[in-house]
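With mmCIF, N, CA and C atoms inside, this is target-v3.cif:
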data_entry
loop_
_atom_site.label_atom_id
_atom_site.label_comp_id
_atom_site.auth_asym_id
_atom_site.auth_seq_id
_atom_site.Cartn_x
_atom_site.Cartn_y
_atom_site.Cartn_z
N MET A 265 33.25 17.64 39.28
CA MET A 265 33.80 16.80 38.23
C MET A 265 33.77 17.57 36.92
N PHE A 266 34.80 17.46 36.14
CA PHE A 266 34.91 18.20 34.88
C PHE A 266 34.14 17.55 33.74
N ASP A 267 33.69 16.30 33.93
CA ASP A 267 33.02 15.60 32.83
C ASP A 267 31.72 14.97 33.29
N TYR A 268 30.92 14.62 32.30
CA TYR A 268 29.74 13.80 32.49
C TYR A 268 29.91 12.65 31.51
N THR A 269 29.97 11.42 32.01
CA THR A 269 30.24 10.27 31.16
C THR A 269 29.25 9.15 31.46
N VAL A 270 28.72 8.55 30.39
CA VAL A 270 27.82 7.41 30.52
C VAL A 270 28.36 6.24 29.70
N GLU A 271 27.89 5.07 30.05
CA GLU A 271 28.30 3.85 29.37
C GLU A 271 27.14 3.36 28.50
N THR A 272 27.47 2.78 27.35
CA THR A 272 26.46 2.20 26.47
C THR A 272 26.96 0.87 25.92
N ASN A 273 26.02 0.03 25.54
CA ASN A 273 26.38 -1.24 24.90
C ASN A 273 26.57 -1.09 23.39
N LYS A 274 26.33 0.11 22.86
CA LYS A 274 26.50 0.36 21.43
C LYS A 274 27.98 0.39 21.08
N THR A 275 28.27 0.15 19.81
CA THR A 275 29.64 0.34 19.33
C THR A 275 29.92 1.84 19.28
N VAL A 276 31.16 2.20 19.10
CA VAL A 276 31.52 3.61 18.98
C VAL A 276 30.76 4.24 17.80
N ASP A 277 30.76 3.57 16.65
CA ASP A 277 30.07 4.11 15.48
C ASP A 277 28.56 4.24 15.72
N GLU A 278 27.95 3.24 16.34
CA GLU A 278 26.52 3.30 16.64
C GLU A 278 26.21 4.44 17.61
N ALA A 279 27.05 4.61 18.60
CA ALA A 279 26.85 5.67 19.59
C ALA A 279 26.95 7.04 18.93
N ILE A 280 27.91 7.21 18.04
CA ILE A 280 28.07 8.49 17.35
C ILE A 280 26.86 8.77 16.47
N GLN A 281 26.40 7.76 15.76
CA GLN A 281 25.22 7.93 14.90
C GLN A 281 24.00 8.33 15.75
N ALA A 282 23.79 7.65 16.86
CA ALA A 282 22.67 7.98 17.74
C ALA A 282 22.83 9.38 18.33
N LEU A 283 24.05 9.73 18.69
CA LEU A 283 24.33 11.04 19.26
C LEU A 283 24.07 12.16 18.26
N GLU A 284 24.48 11.95 17.02
CA GLU A 284 24.22 12.96 15.99
C GLU A 284 22.72 13.21 15.85
N HIS A 285 21.94 12.15 15.92
CA HIS A 285 20.48 12.28 15.82
C HIS A 285 19.90 13.03 17.02
N THR A 286 20.29 12.63 18.23
CA THR A 286 19.71 13.28 19.41
C THR A 286 20.20 14.73 19.54
N LEU A 287 21.43 15.00 19.17
CA LEU A 287 21.92 16.38 19.20
C LEU A 287 21.10 17.25 18.25
N SER A 288 20.83 16.72 17.08
CA SER A 288 20.03 17.45 16.09
C SER A 288 18.64 17.78 16.65
N ASN A 289 18.07 16.85 17.38
CA ASN A 289 16.75 17.08 17.99
C ASN A 289 16.78 18.21 19.02
N HIS A 290 17.97 18.53 19.51
CA HIS A 290 18.14 19.59 20.51
C HIS A 290 18.83 20.82 19.92
N SER A 291 18.79 20.94 18.59
CA SER A 291 19.34 22.11 17.87
C SER A 291 20.85 22.24 17.96
N PHE A 292 21.54 21.13 18.17
CA PHE A 292 23.00 21.10 18.14
C PHE A 292 23.43 20.28 16.93
N GLY A 293 24.52 20.66 16.34
CA GLY A 293 25.07 19.91 15.22
C GLY A 293 26.51 19.54 15.50
N VAL A 294 26.99 18.52 14.82
CA VAL A 294 28.39 18.12 14.93
C VAL A 294 29.16 18.86 13.84
N LEU A 295 30.05 19.74 14.26
CA LEU A 295 30.86 20.50 13.31
C LEU A 295 32.01 19.68 12.75
N TRP A 296 32.56 18.82 13.61
CA TRP A 296 33.79 18.15 13.24
C TRP A 296 33.94 16.89 14.08
N LYS A 297 34.47 15.84 13.46
CA LYS A 297 34.76 14.59 14.16
C LYS A 297 36.23 14.26 13.97
N LEU A 298 36.91 14.00 15.06
CA LEU A 298 38.31 13.60 15.02
C LEU A 298 38.42 12.14 15.43
N ASP A 299 38.93 11.33 14.54
CA ASP A 299 39.21 9.93 14.81
C ASP A 299 40.68 9.87 15.21
N ILE A 300 40.95 9.85 16.50
CA ILE A 300 42.33 9.97 16.98
C ILE A 300 43.23 8.84 16.48
N PRO A 301 42.82 7.56 16.55
CA PRO A 301 43.71 6.51 16.05
C PRO A 301 44.08 6.67 14.57
N THR A 302 43.11 7.08 13.75
CA THR A 302 43.39 7.28 12.32
C THR A 302 44.36 8.43 12.13
N LYS A 303 44.16 9.52 12.85
CA LYS A 303 45.04 10.69 12.73
C LYS A 303 46.46 10.34 13.20
N LEU A 304 46.57 9.59 14.28
CA LEU A 304 47.89 9.18 14.76
C LEU A 304 48.59 8.25 13.76
N MET A 305 47.81 7.35 13.15
CA MET A 305 48.39 6.42 12.18
C MET A 305 48.95 7.17 10.98
N GLU A 306 48.34 8.30 10.62
CA GLU A 306 48.88 9.13 9.53
C GLU A 306 50.29 9.63 9.87
N LYS A 307 50.61 9.67 11.15
CA LYS A 307 51.93 10.11 11.61
C LYS A 307 52.82 8.93 12.00
N GLY A 308 52.33 7.71 11.70
CA GLY A 308 53.11 6.52 11.99
C GLY A 308 53.03 6.05 13.43
N ILE A 309 52.03 6.50 14.15
CA ILE A 309 51.87 6.13 15.56
C ILE A 309 50.60 5.29 15.69
N ALA A 310 50.76 4.08 16.21
CA ALA A 310 49.62 3.17 16.37
C ALA A 310 48.99 3.37 17.74
N LEU A 311 47.67 3.46 17.77
CA LEU A 311 46.91 3.51 19.02
C LEU A 311 45.86 2.42 18.92
N GLU A 312 45.95 1.46 19.81
CA GLU A 312 45.08 0.29 19.75
C GLU A 312 43.78 0.48 20.54
N GLN A 313 43.14 1.59 20.31
CA GLN A 313 41.83 1.81 20.92
C GLN A 313 41.05 2.78 20.04
N ASP A 314 39.75 2.71 20.16
CA ASP A 314 38.88 3.57 19.37
C ASP A 314 38.51 4.78 20.22
N PHE A 315 38.91 5.96 19.79
CA PHE A 315 38.66 7.19 20.54
C PHE A 315 38.33 8.30 19.57
N ARG A 316 37.13 8.87 19.69
CA ARG A 316 36.68 9.92 18.78
C ARG A 316 36.35 11.18 19.58
N VAL A 317 36.58 12.30 18.97
CA VAL A 317 36.24 13.59 19.56
C VAL A 317 35.26 14.29 18.63
N LEU A 318 34.14 14.72 19.17
CA LEU A 318 33.13 15.45 18.40
C LEU A 318 33.06 16.88 18.93
N GLU A 319 33.08 17.82 18.03
CA GLU A 319 32.88 19.21 18.41
C GLU A 319 31.46 19.58 18.01
N VAL A 320 30.65 19.95 19.01
CA VAL A 320 29.23 20.20 18.78
C VAL A 320 28.91 21.67 19.03
N PHE A 321 27.88 22.14 18.34
CA PHE A 321 27.68 23.58 18.24
C PHE A 321 26.21 23.91 18.07
N ASN A 322 25.78 24.96 18.74
CA ASN A 322 24.47 25.55 18.53
C ASN A 322 24.71 27.02 18.21
N PRO A 323 24.39 27.48 17.01
CA PRO A 323 24.72 28.85 16.61
C PRO A 323 24.09 29.92 17.50
N ASP A 324 22.85 29.70 17.95
CA ASP A 324 22.20 30.69 18.81
C ASP A 324 22.94 30.83 20.14
N VAL A 325 23.35 29.71 20.70
CA VAL A 325 24.09 29.74 21.96
C VAL A 325 25.45 30.41 21.76
N ALA A 326 26.11 30.08 20.67
CA ALA A 326 27.42 30.68 20.40
C ALA A 326 27.31 32.20 20.32
N LYS A 327 26.28 32.68 19.65
CA LYS A 327 26.09 34.14 19.55
C LYS A 327 25.88 34.76 20.93
N LYS A 328 25.08 34.11 21.77
CA LYS A 328 24.84 34.63 23.12
C LYS A 328 26.13 34.69 23.93
N VAL A 329 26.92 33.63 23.85
CA VAL A 329 28.19 33.60 24.59
C VAL A 329 29.11 34.71 24.11
N LEU A 330 29.29 34.81 22.80
CA LEU A 330 30.23 35.78 22.25
C LEU A 330 29.75 37.22 22.42
N THR A 331 28.45 37.43 22.40
CA THR A 331 27.90 38.77 22.63
C THR A 331 28.13 39.20 24.08
N ARG A 332 28.01 38.25 24.98
CA ARG A 332 28.19 38.54 26.40
C ARG A 332 29.67 38.71 26.75
N ASN A 333 30.51 37.80 26.28
CA ASN A 333 31.92 37.82 26.65
C ASN A 333 32.72 37.09 25.57
N GLN A 334 33.49 37.83 24.81
CA GLN A 334 34.24 37.21 23.71
C GLN A 334 35.20 36.13 24.20
N ARG A 335 35.67 36.25 25.41
CA ARG A 335 36.59 35.24 25.93
C ARG A 335 35.89 33.89 26.12
N GLY A 336 34.57 33.91 26.14
CA GLY A 336 33.82 32.66 26.17
C GLY A 336 34.05 31.84 24.91
N GLY A 337 34.49 32.50 23.83
CA GLY A 337 34.78 31.82 22.58
C GLY A 337 35.92 30.82 22.68
N PHE A 338 36.75 30.96 23.71
CA PHE A 338 37.81 29.97 23.93
C PHE A 338 37.23 28.58 24.17
N PHE A 339 35.98 28.53 24.60
CA PHE A 339 35.37 27.26 24.98
C PHE A 339 34.36 26.75 23.96
N LEU A 340 34.33 27.39 22.80
CA LEU A 340 33.45 26.96 21.71
C LEU A 340 34.27 26.20 20.67
N PRO A 341 33.71 25.20 20.04
CA PRO A 341 32.45 24.54 20.33
C PRO A 341 32.58 23.60 21.53
N CYS A 342 31.46 23.02 21.95
CA CYS A 342 31.48 22.06 23.05
C CYS A 342 32.10 20.75 22.57
N LYS A 343 32.69 20.03 23.50
CA LYS A 343 33.40 18.81 23.15
C LYS A 343 32.74 17.58 23.79
N ILE A 344 32.48 16.59 22.95
CA ILE A 344 31.97 15.29 23.41
C ILE A 344 32.92 14.23 22.88
N VAL A 345 33.27 13.27 23.74
CA VAL A 345 34.14 12.17 23.31
C VAL A 345 33.35 10.86 23.35
N VAL A 346 33.68 9.99 22.42
CA VAL A 346 33.08 8.65 22.36
C VAL A 346 34.24 7.68 22.18
N TYR A 347 34.33 6.71 23.08
CA TYR A 347 35.48 5.80 23.03
C TYR A 347 35.15 4.44 23.62
N ARG A 348 35.95 3.49 23.22
CA ARG A 348 35.85 2.13 23.75
C ARG A 348 36.65 2.09 25.04
N ASN A 349 35.96 1.88 26.17
CA ASN A 349 36.61 1.85 27.47
C ASN A 349 37.44 0.57 27.59
N GLN A 350 38.72 0.72 27.81
CA GLN A 350 39.64 -0.43 27.86
C GLN A 350 39.37 -1.34 29.06
N GLU A 351 38.80 -0.79 30.13
CA GLU A 351 38.55 -1.60 31.33
C GLU A 351 37.23 -2.36 31.25
N THR A 352 36.17 -1.69 30.80
CA THR A 352 34.85 -2.32 30.77
C THR A 352 34.53 -2.98 29.43
N LEU A 353 35.30 -2.61 28.40
CA LEU A 353 35.08 -3.07 27.03
C LEU A 353 33.71 -2.64 26.49
N LYS A 354 33.18 -1.59 27.06
CA LYS A 354 31.94 -0.98 26.57
C LYS A 354 32.29 0.39 26.01
N THR A 355 31.32 1.04 25.41
CA THR A 355 31.53 2.37 24.84
C THR A 355 31.12 3.42 25.86
N ASP A 356 31.95 4.42 26.02
CA ASP A 356 31.64 5.56 26.88
C ASP A 356 31.38 6.79 26.01
N ILE A 357 30.42 7.58 26.44
CA ILE A 357 30.14 8.88 25.83
C ILE A 357 30.35 9.91 26.93
N GLY A 358 31.24 10.86 26.68
CA GLY A 358 31.56 11.83 27.72
C GLY A 358 31.50 13.26 27.22
N LEU A 359 31.08 14.13 28.10
CA LEU A 359 30.96 15.56 27.83
C LEU A 359 31.91 16.32 28.74
N LEU A 360 32.69 17.20 28.17
CA LEU A 360 33.45 18.16 28.95
C LEU A 360 32.45 19.23 29.38
N ARG A 361 32.18 19.32 30.68
CA ARG A 361 31.08 20.15 31.18
C ARG A 361 31.26 21.64 30.85
N PRO A 362 30.30 22.24 30.13
CA PRO A 362 30.37 23.67 29.85
C PRO A 362 30.41 24.53 31.11
N THR A 363 29.75 24.09 32.19
CA THR A 363 29.77 24.88 33.42
C THR A 363 31.17 24.99 33.99
N THR A 364 31.93 23.92 33.91
CA THR A 364 33.31 23.93 34.40
C THR A 364 34.17 24.85 33.55
N GLN A 365 33.99 24.77 32.25
CA GLN A 365 34.79 25.59 31.35
C GLN A 365 34.46 27.07 31.47
N LEU A 366 33.19 27.42 31.36
CA LEU A 366 32.81 28.83 31.36
C LEU A 366 33.03 29.49 32.72
N ALA A 367 33.11 28.70 33.78
CA ALA A 367 33.43 29.26 35.10
C ALA A 367 34.81 29.92 35.08
N LEU A 368 35.67 29.46 34.21
CA LEU A 368 37.02 30.03 34.10
C LEU A 368 37.00 31.48 33.62
N THR A 369 35.91 31.91 32.99
CA THR A 369 35.81 33.30 32.54
C THR A 369 35.52 34.24 33.69
N GLU A 370 35.07 33.69 34.82
CA GLU A 370 34.68 34.48 35.99
C GLU A 370 33.58 35.49 35.66
N ASP A 371 32.73 35.13 34.70
CA ASP A 371 31.61 35.97 34.29
C ASP A 371 30.33 35.27 34.75
N ASP A 372 29.76 35.75 35.84
CA ASP A 372 28.58 35.10 36.42
C ASP A 372 27.37 35.11 35.50
N GLN A 373 27.35 36.03 34.54
CA GLN A 373 26.21 36.08 33.63
C GLN A 373 26.24 34.94 32.60
N LEU A 374 27.39 34.30 32.44
CA LEU A 374 27.47 33.15 31.54
C LEU A 374 27.03 31.86 32.23
N LYS A 375 26.98 31.86 33.55
CA LYS A 375 26.66 30.64 34.29
C LYS A 375 25.31 30.04 33.90
N PRO A 376 24.21 30.83 33.87
CA PRO A 376 22.92 30.21 33.49
C PRO A 376 22.93 29.64 32.07
N LEU A 377 23.62 30.31 31.18
CA LEU A 377 23.71 29.82 29.80
C LEU A 377 24.46 28.49 29.76
N ALA A 378 25.58 28.43 30.48
CA ALA A 378 26.36 27.19 30.55
C ALA A 378 25.54 26.06 31.16
N GLU A 379 24.77 26.38 32.18
CA GLU A 379 23.93 25.36 32.82
C GLU A 379 22.88 24.82 31.86
N ASP A 380 22.26 25.71 31.08
CA ASP A 380 21.26 25.29 30.10
C ASP A 380 21.88 24.40 29.02
N VAL A 381 23.04 24.80 28.51
CA VAL A 381 23.72 24.01 27.48
C VAL A 381 24.09 22.65 28.03
N GLU A 382 24.65 22.63 29.23
CA GLU A 382 25.06 21.37 29.84
C GLU A 382 23.87 20.43 30.03
N GLU A 383 22.77 20.97 30.53
CA GLU A 383 21.56 20.16 30.72
C GLU A 383 21.08 19.58 29.39
N THR A 384 21.08 20.40 28.35
CA THR A 384 20.64 19.95 27.03
C THR A 384 21.55 18.86 26.48
N LEU A 385 22.86 19.05 26.60
CA LEU A 385 23.80 18.06 26.07
C LEU A 385 23.74 16.76 26.86
N ILE A 386 23.57 16.86 28.17
CA ILE A 386 23.42 15.64 28.98
C ILE A 386 22.15 14.89 28.56
N GLN A 387 21.08 15.61 28.31
CA GLN A 387 19.85 14.97 27.85
C GLN A 387 20.08 14.27 26.52
N ALA A 388 20.76 14.93 25.59
CA ALA A 388 21.04 14.32 24.28
C ALA A 388 21.90 13.07 24.43
N ILE A 389 22.89 13.13 25.31
CA ILE A 389 23.76 11.97 25.55
C ILE A 389 22.94 10.82 26.12
N ASN A 390 22.12 11.11 27.11
CA ASN A 390 21.30 10.06 27.73
C ASN A 390 20.33 9.43 26.73
N GLU A 391 19.80 10.24 25.83
CA GLU A 391 18.90 9.71 24.80
C GLU A 391 19.67 8.84 23.80
N ALA A 392 20.93 9.14 23.58
CA ALA A 392 21.73 8.40 22.59
C ALA A 392 22.25 7.09 23.13
N LYS A 393 22.39 6.97 24.42
CA LYS A 393 23.02 5.77 24.98
C LYS A 393 22.14 4.56 24.83
#

Go through the file and emit its structure as structure tokens.
Amino acid sequence: MFDYTVETNKTVDEAIQALEHTLSNHSFGVLWKLDIPTKLMEKGIALEQDFRVLEVFNPDVAKKVLTRNQRGGFFLPCKIVVYRNQETLKTDIGLLRPTTQLALTEDDQLKPLAEDVEETLIQAINEAK
């Protein structure tokens, strides 16, 4: 599976706030937040759902990836999405798995690093839910 997704009873905003805190505890920071409905509305397109994209980053990990294989930079920063699930009406927090992404580099030396990052981000997500 390309993603790891959990459900929470928190609102999207509450989940993001909790996630920012737990990510910080694991030496990750949120570089950028994209509010897709707001961005689409700027272009005159209405989207009737709450969907946010967070780009998260750990500078030490980024240096290790780029030092090992610059093409690993295509997958930086890591992406986490937080959205209101239209079917369950609950909030989902999802991670695009670093192991799936970095496997595309075909560099076996990046695999342990991707596994560590994925484990850390999953832990932060679980703590935030």

Need to verify the contact set: Val325 (chain A), 9 Å, only C-alpha atoms, exclusion of same-chain residues closer than 4 positions in sequence. Can you return it as a compact mmCIF listing (two decimals) with N, CA and C atoms, in the frame of the given file?
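Resulting contents of selection_6.txt:
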# COMPACT_ATOMS: atom_id res chain seq x y z
N PHE A 321 27.88 22.14 18.34
CA PHE A 321 27.68 23.58 18.24
C PHE A 321 26.21 23.91 18.07
N VAL A 329 26.92 33.63 23.85
CA VAL A 329 28.19 33.60 24.59
C VAL A 329 29.11 34.71 24.11
N LEU A 330 29.29 34.81 22.80
CA LEU A 330 30.23 35.78 22.25
C LEU A 330 29.75 37.22 22.42
N LEU A 377 23.62 30.31 31.18
CA LEU A 377 23.71 29.82 29.80
C LEU A 377 24.46 28.49 29.76
N VAL A 381 23.04 24.80 28.51
CA VAL A 381 23.72 24.01 27.48
C VAL A 381 24.09 22.65 28.03

Selection under test: the PyMOL selection byres (((chain A and resi 296 and name CA) around 9) and name CA); residues as a ChimeraX atom specification: /A:294-295,297-298,317-320

Selection in question (the file shown): the PyMOL selection byres (((chain A and resi 307-316 and name CA) around 9) and name CA). Which residues does it include, as a PDB file with N, CA and C atoms, in the coordinates of the input?
ATOM      1  N   VAL A 276      31.160   2.200  19.100  1.00  0.00           N
ATOM      2  CA  VAL A 276      31.520   3.610  18.980  1.00  0.00           C
ATOM      3  C   VAL A 276      30.760   4.240  17.800  1.00  0.00           C
ATOM      4  N   ILE A 280      27.910   7.210  18.040  1.00  0.00           N
ATOM      5  CA  ILE A 280      28.070   8.490  17.350  1.00  0.00           C
ATOM      6  C   ILE A 280      26.860   8.770  16.470  1.00  0.00           C
ATOM      7  N   LYS A 297      34.470  15.840  13.460  1.00  0.00           N
ATOM      8  CA  LYS A 297      34.760  14.590  14.160  1.00  0.00           C
ATOM      9  C   LYS A 297      36.230  14.260  13.970  1.00  0.00           C
ATOM     10  N   LEU A 298      36.910  14.000  15.060  1.00  0.00           N
ATOM     11  CA  LEU A 298      38.310  13.600  15.020  1.00  0.00           C
ATOM     12  C   LEU A 298      38.420  12.140  15.430  1.00  0.00           C
ATOM     13  N   ASP A 299      38.930  11.330  14.540  1.00  0.00           N
ATOM     14  CA  ASP A 299      39.210   9.930  14.810  1.00  0.00           C
ATOM     15  C   ASP A 299      40.680   9.870  15.210  1.00  0.00           C
ATOM     16  N   ILE A 300      40.950   9.850  16.500  1.00  0.00           N
ATOM     17  CA  ILE A 300      42.330   9.970  16.980  1.00  0.00           C
ATOM     18  C   ILE A 300      43.230   8.840  16.480  1.00  0.00           C
ATOM     19  N   PRO A 301      42.820   7.560  16.550  1.00  0.00           N
ATOM     20  CA  PRO A 301      43.710   6.510  16.050  1.00  0.00           C
ATOM     21  C   PRO A 301      44.080   6.670  14.570  1.00  0.00           C
ATOM     22  N   THR A 302      43.110   7.080  13.750  1.00  0.00           N
ATOM     23  CA  THR A 302      43.390   7.280  12.320  1.00  0.00           C
ATOM     24  C   THR A 302      44.360   8.430  12.130  1.00  0.00           C
ATOM     25  N   LYS A 303      44.160   9.520  12.850  1.00  0.00           N
ATOM     26  CA  LYS A 303      45.040  10.690  12.730  1.00  0.00           C
ATOM     27  C   LYS A 303      46.460  10.340  13.200  1.00  0.00           C
ATOM     28  N   LEU A 304      46.570   9.590  14.280  1.00  0.00           N
ATOM     29  CA  LEU A 304      47.890   9.180  14.760  1.00  0.00           C
ATOM     30  C   LEU A 304      48.590   8.250  13.760  1.00  0.00           C
ATOM     31  N   MET A 305      47.810   7.350  13.150  1.00  0.00           N
ATOM     32  CA  MET A 305      48.390   6.420  12.180  1.00  0.00           C
ATOM     33  C   MET A 305      48.950   7.170  10.980  1.00  0.00           C
ATOM     34  N   GLU A 306      48.340   8.300  10.620  1.00  0.00           N
ATOM     35  CA  GLU A 306      48.880   9.130   9.530  1.00  0.00           C
ATOM     36  C   GLU A 306      50.290   9.630   9.870  1.00  0.00           C
ATOM     37  N   VAL A 317      36.580  12.300  18.970  1.00  0.00           N
ATOM     38  CA  VAL A 317      36.240  13.590  19.560  1.00  0.00           C
ATOM     39  C   VAL A 317      35.260  14.290  18.630  1.00  0.00           C
ATOM     40  N   LEU A 318      34.140  14.720  19.170  1.00  0.00           N
ATOM     41  CA  LEU A 318      33.130  15.450  18.400  1.00  0.00           C
ATOM     42  C   LEU A 318      33.060  16.880  18.930  1.00  0.00           C
ATOM     43  N   ILE A 344      32.480  16.590  22.950  1.00  0.00           N
ATOM     44  CA  ILE A 344      31.970  15.290  23.410  1.00  0.00           C
ATOM     45  C   ILE A 344      32.920  14.230  22.880  1.00  0.00           C
ATOM     46  N   VAL A 345      33.270  13.270  23.740  1.00  0.00           N
ATOM     47  CA  VAL A 345      34.140  12.170  23.310  1.00  0.00           C
ATOM     48  C   VAL A 345      33.350  10.860  23.350  1.00  0.00           C
ATOM     49  N   VAL A 346      33.680   9.990  22.420  1.00  0.00           N
ATOM     50  CA  VAL A 346      33.080   8.650  22.360  1.00  0.00           C
ATOM     51  C   VAL A 346      34.240   7.680  22.180  1.00  0.00           C
ATOM     52  N   TYR A 347      34.330   6.710  23.080  1.00  0.00           N
ATOM     53  CA  TYR A 347      35.480   5.800  23.030  1.00  0.00           C
ATOM     54  C   TYR A 347      35.150   4.440  23.620  1.00  0.00           C
ATOM     55  N   ARG A 348      35.950   3.490  23.220  1.00  0.00           N
ATOM     56  CA  ARG A 348      35.850   2.130  23.750  1.00  0.00           C
ATOM     57  C   ARG A 348      36.650   2.090  25.040  1.00  0.00           C
ATOM     58  N   ASN A 349      35.960   1.880  26.170  1.00  0.00           N
ATOM     59  CA  ASN A 349      36.610   1.850  27.470  1.00  0.00           C
ATOM     60  C   ASN A 349      37.440   0.570  27.590  1.00  0.00           C
ATOM     61  N   GLN A 350      38.720   0.720  27.810  1.00  0.00           N
ATOM     62  CA  GLN A 350      39.640  -0.430  27.860  1.00  0.00           C
ATOM     63  C   GLN A 350      39.370  -1.340  29.060  1.00  0.00           C
TER      64      GLN A 350
END

Which residues are near region 383-390 of chain A? Cut-off 7 Å, all atoms listed in the file, ignore same chain within fewer than 2 positions. Put them as a list in words. Leu283, Thr286, Leu287, His290, Ala378, Glu379, Asp380, Val381, Ala392 and Lys393 of chain A

Taking the file as shown, find all residues satisfying the PyMOL selection byres ((chain A and resi 361) around 8) and write them as a list in words. Met265, Phe266, Asp267, Tyr268, Cys342, Lys343, Gly358, Leu359, Leu360, Pro362, Thr363, Thr364, Gln365, Leu366, Ala367, Ala378, Val381 and Glu382 of chain A

Please identify which residues in region 267-387 of chain A DSSP calls strand (DSSP E) from the backbone, and express them as a VMD selection string. chain A and resid 267 to 272 293 to 299 315 to 321 342 to 348 355 to 360

Could you give me, as a list in words, each residue of region 293-361 of chain A that DSSP assigns to alpha helix (DSSP H) when run on this structure's backbone?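 Answer for region 293-361 of chain A restricted to alpha helix (DSSP H) is Ile300, Pro301, Thr302, Lys303, Leu304, Met305, Glu306, Pro323, Asp324, Val325, Ala326, Lys327, Lys328, Val329, Leu330, Thr331 and Arg332 of chain A.
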
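Take the candidates A:Glu284, A:Ser291, A:Glu271, A:Phe339 and check each one against Asp324 (chain A) using all atoms listed in the file; the shortest distance goes to A:Ser291.
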
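A straight line drawn from atom C of Thr355 (chain A) to CA of Ala279 (chain A) is 7.9 Å long.
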
Please determine an axis-aligned box that encloses all atoms of region 350-358 of chain A listed in the file, with 4 Å added on each side, and express its centre and edge lengths in Å to one decimal as AutoDock Vina command-line options.
--center_x 34.9 --center_y 5.1 --center_z 28.1 --size_x 17.5 --size_y 24.3 --size_z 14.5

Tell me, in Å to one decimal, how far CA of Asp371 (chain A) is from CA of Val270 (chain A). 29.1 Å

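The spacing separating atom C of Leu374 (chain A) from atom C of Phe292 (chain A) amounts to 19.5 Å.
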
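For the residues A:Lys375, A:Thr369, A:Ile357, A:Asn322, ranking by smallest atom-to-atom distance to Gln334 (chain A) using only C-alpha atoms places A:Thr369 first.
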